[in-house]
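Student: One structure coming up, written as structure tokens, with questions to follow.
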Amino acid sequence: MYNDFTSYPETQLKNGNILYINTYWTNFFSIEDAVPSLILEEFGLYNVFIEKLELHYPSYRGLKYFTFDRQLKIIKDVYECERDPQDLKLFEQGLSIFRNSRYVYEYNIQTNKFIKKGALRSIGYGNSFRKLIPLSNGKVAICMPKTVEIYDPETGNLDLIELSLKPTSLEFISKTKDEKLVYVVRNIKYNNNNNKENTIFKIIYIDLENKKVQISNKEHIFGWYTDQSRAELDLGDGRYIFGLYIHKQTEINPWYDSRPKYKAVYLIDFNKDEIKYLGTLKLPRFRGSCVRLDDKKIMFVGGADSDWRYSKPVLNAEILDIETGESVITQKNNVSAFGPELYKLKDGRILIRTSGGLKLYVPKNWKKEK
């Protein structure tokens with residue numbers, strides 16, 4: 001329930017410190033009113049507490065549905081009635097962690113200490129943290145679905161921008177060359193049989209200087225794909241590579257193995273509001289990752305050959321030339337992981353982080369599969 005976020009080395013500030021955010025959340029949403037109940041659950045106190053609650057306040061059985069402050073009062077009243085200082089101490093410890101979690105910190109590498117800075121105002125009520133975007137003026141944009149908070153390291157202050165967007169699915173966050181923030185949101189189109197048919201992307205531009213939000217009129221249409229199927233890569237110049245594990249549904253079986261599937265790769269150019277099809281990988285790759293080898297080549301690694309329960313790991317990497325759309329399958333490299341983290345080092349080697357640990361690979365040694 002406690003999660004830490006940074007984007008080092010991108011978020012290393014001009015003063016040498018690293019921007020760091022610690023947030024309290026459950027699943028994908030930080031729901032502030034539910035926090036007192038969640039703290040009880042975190043410390044294994046919830047079921048016992050509910051039994052105590054029913055003895056003293058039987059009408060308050062639905063504790064989770066009360067407001068934050070009301071839950072606090074009920075919990076403290078019950079513990080005082082039960083004269084149970086140990087459980088109350090544990091609860092207050094969890095509450096302290098939560099209250100200290102909604103802050104921006106700077107981590108000083110030299111002293112190995114965290115310095116608490118400004119308080120985030122917009123985490124909560126479904127507005128969970130998503131991404132840190134460093135800006136050329138030294139500030140950092142803390143991006144969430146409903147808000148952006150701009151952190152200024154010189155003053156320690158945060159400037160809030162409310163986006164007022166309709167509830168939707170947020171896919172990517174990036175920025176253009178002129179440093180407008182870009183949100184790509186997704187909607188699903190259904191066919192007459194109420195099956196998912198297409199995915200529609202729209203691009204939203206956020207002018208940080210003037211605090212203006214502009215929603216593009218263009219709609220970019222794709223086939224339907226599962227949420228965990230993307231392999232994505234921010235090129236850092238207002239362009240974004242992403243690969244979708246596309247499903248073409250049939251009326252006979254709209255969910256599993258009868259669907260043809262393929263990994264299509266696209267390039268979003270936020271500077272032009274364009275999405276360009278680059279090519280299709282030879283190997284279907286569900287939940288793989290990608291890394292940039294050079295200006296022309298993107299390497300895809302990891303994942304499985306389908307989203308079915310009997311899927312097999314994809315042990316070959318595949319290198320796509322984004323200019324020609326042609327790809328080459330390498331010999332097996334035994335990176336069998338869903339969504340491995342890939343980092344290109346200065347010497348050209350690729351550091352791959354999976355649940356099994358860290359591995360170093362030299363892509364130039366990966367020969368083309370015969």
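Going through the structure tokens in order, the chains are called A, B, and so on, while each chain numbers its residues from 1 and the ligands are numbered from 1 in the order shown.
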Skipping near chain neighbours, those fewer than 3 positions away, what residues fall within 12 Å of Leu345 in chain A using only C-alpha atoms, listed as a list of chain:residue names?
Tutor: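 Near Leu345 in chain A, the qualifying residues are A:Val291, A:Arg292, A:Leu293, A:Asp294, A:Leu342, A:Gly348, A:Arg349, A:Ile350, A:Leu351, A:Ile352, A:Leu360, A:Tyr361, A:Val362, A:Pro363.
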Student: Give me, as a list in words, all polymer residues having an atom no more than 8 Å from Ser169 in chain A, counting only C-alpha atoms and skipping those fewer than 6 positions away in the same chain.
Tutor: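 Once the adjacent positions are removed, what remains is Val185, Arg186 and Asn187 of chain A.
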Student: Using C-alpha atoms, can you write the selected residues to a file as a PDB file, in the first residue's frame?
Tutor:
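Result went into again20.pdb, see below:
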```
ATOM      1  CA  VAL A 185      -6.549   9.157 -23.356  1.00  0.00           C
ATOM      2  CA  ARG A 186      -8.385   6.066 -24.536  1.00  0.00           C
ATOM      3  CA  ASN A 187     -12.036   5.251 -25.157  1.00  0.00           C
TER       4      ASN A 187
END
```
Student: Within 6 Å of Ala141 in chain A, counting only C-alpha atoms, which residues qualify if same-chain residues fewer than 6 places away don't, as a list in words?
Tutor: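 Counting only C-alpha atoms, the residues come to Leu132, Ile133, Glu149 and Ile150 of chain A.
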Student: Which residues, written as a list of chain:residue names, have at least one atom at most 10 Å from Lys14 in chain A, with only C-alpha atoms counted and residues fewer than 4 positions away on the same chain left out?
Tutor: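 The residues that qualify are A:Ile18, A:Asn137, A:Gly138, A:Lys139, A:Pro153, A:Glu154.
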Student: Which neighbours of Leu40 in chain A fall inside 9 Å, counting only C-alpha atoms, when residues of the same chain fewer than 6 positions from it are skipped, and could you give them as a PyMOL selection string?
Tutor: chain A and resi 46-47+49+90-91+94
Student: From the set A:Leu95, A:Leu208, A:Ile188, A:Ile275, which residue has the shortest atom-to-atom contact distance to Glu42 in chain A, counting only C-alpha atoms?
Tutor: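 Of the candidates, the smallest distance to Glu42 in chain A is held by A:Leu95.
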Student: If we count only C-alpha atoms and set the cut-off at 8 Å, which residues sit around Lys131 in chain A, ignoring sequence neighbours fewer than 2 positions away in its own chain? Please answer as a count of residues only.
Tutor: 6
Student: For each of A:Asn217, A:Asp273, A:Glu209, A:Tyr266, take the minimum atom-to-atom distance to Val182 in chain A, counting only C-alpha atoms, then give the residue where this is smallest.
Tutor: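 Smallest separation from Val182 in chain A among the options: A:Asp273.
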Student: For range 56-63 of chain A, find every residue with an atom within 9 Å (counting only C-alpha atoms), except residues of its own chain fewer than 6 positions away, and show them as JSON, numbers by chain.
Tutor: {"A": [34, 37, 50, 70, 71, 74, 78, 81]}
Student: Please, could you write that set of residues out with C-alpha atoms as a JSON list (two decimals), in the first residue's frame?
Tutor:
```json
[["chain", "number", "residue", "atom", "x", "y", "z"],
["A", 34, "ALA", "CA", -11.06, 4.86, 2.70],
["A", 37, "SER", "CA", -10.10, 1.43, 7.08],
["A", 50, "ILE", "CA", -15.33, -4.59, 13.31],
["A", 70, "ARG", "CA", -15.88, 10.44, 10.71],
["A", 71, "GLN", "CA", -13.93, 7.17, 10.41],
["A", 74, "ILE", "CA", -15.29, 6.20, 15.30],
["A", 78, "VAL", "CA", -13.93, 2.35, 19.93],
["A", 81, "CYS", "CA", -13.97, 2.20, 24.99]]
```
Student: Would you mind telling me which residue in A:Leu233, A:Leu120, A:Ala337, A:Ile203 lies nearest to Tyr151 in chain A when using only C-alpha atoms?
Tutor: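 Closest to Tyr151 in chain A of all the choices is A:Leu120.
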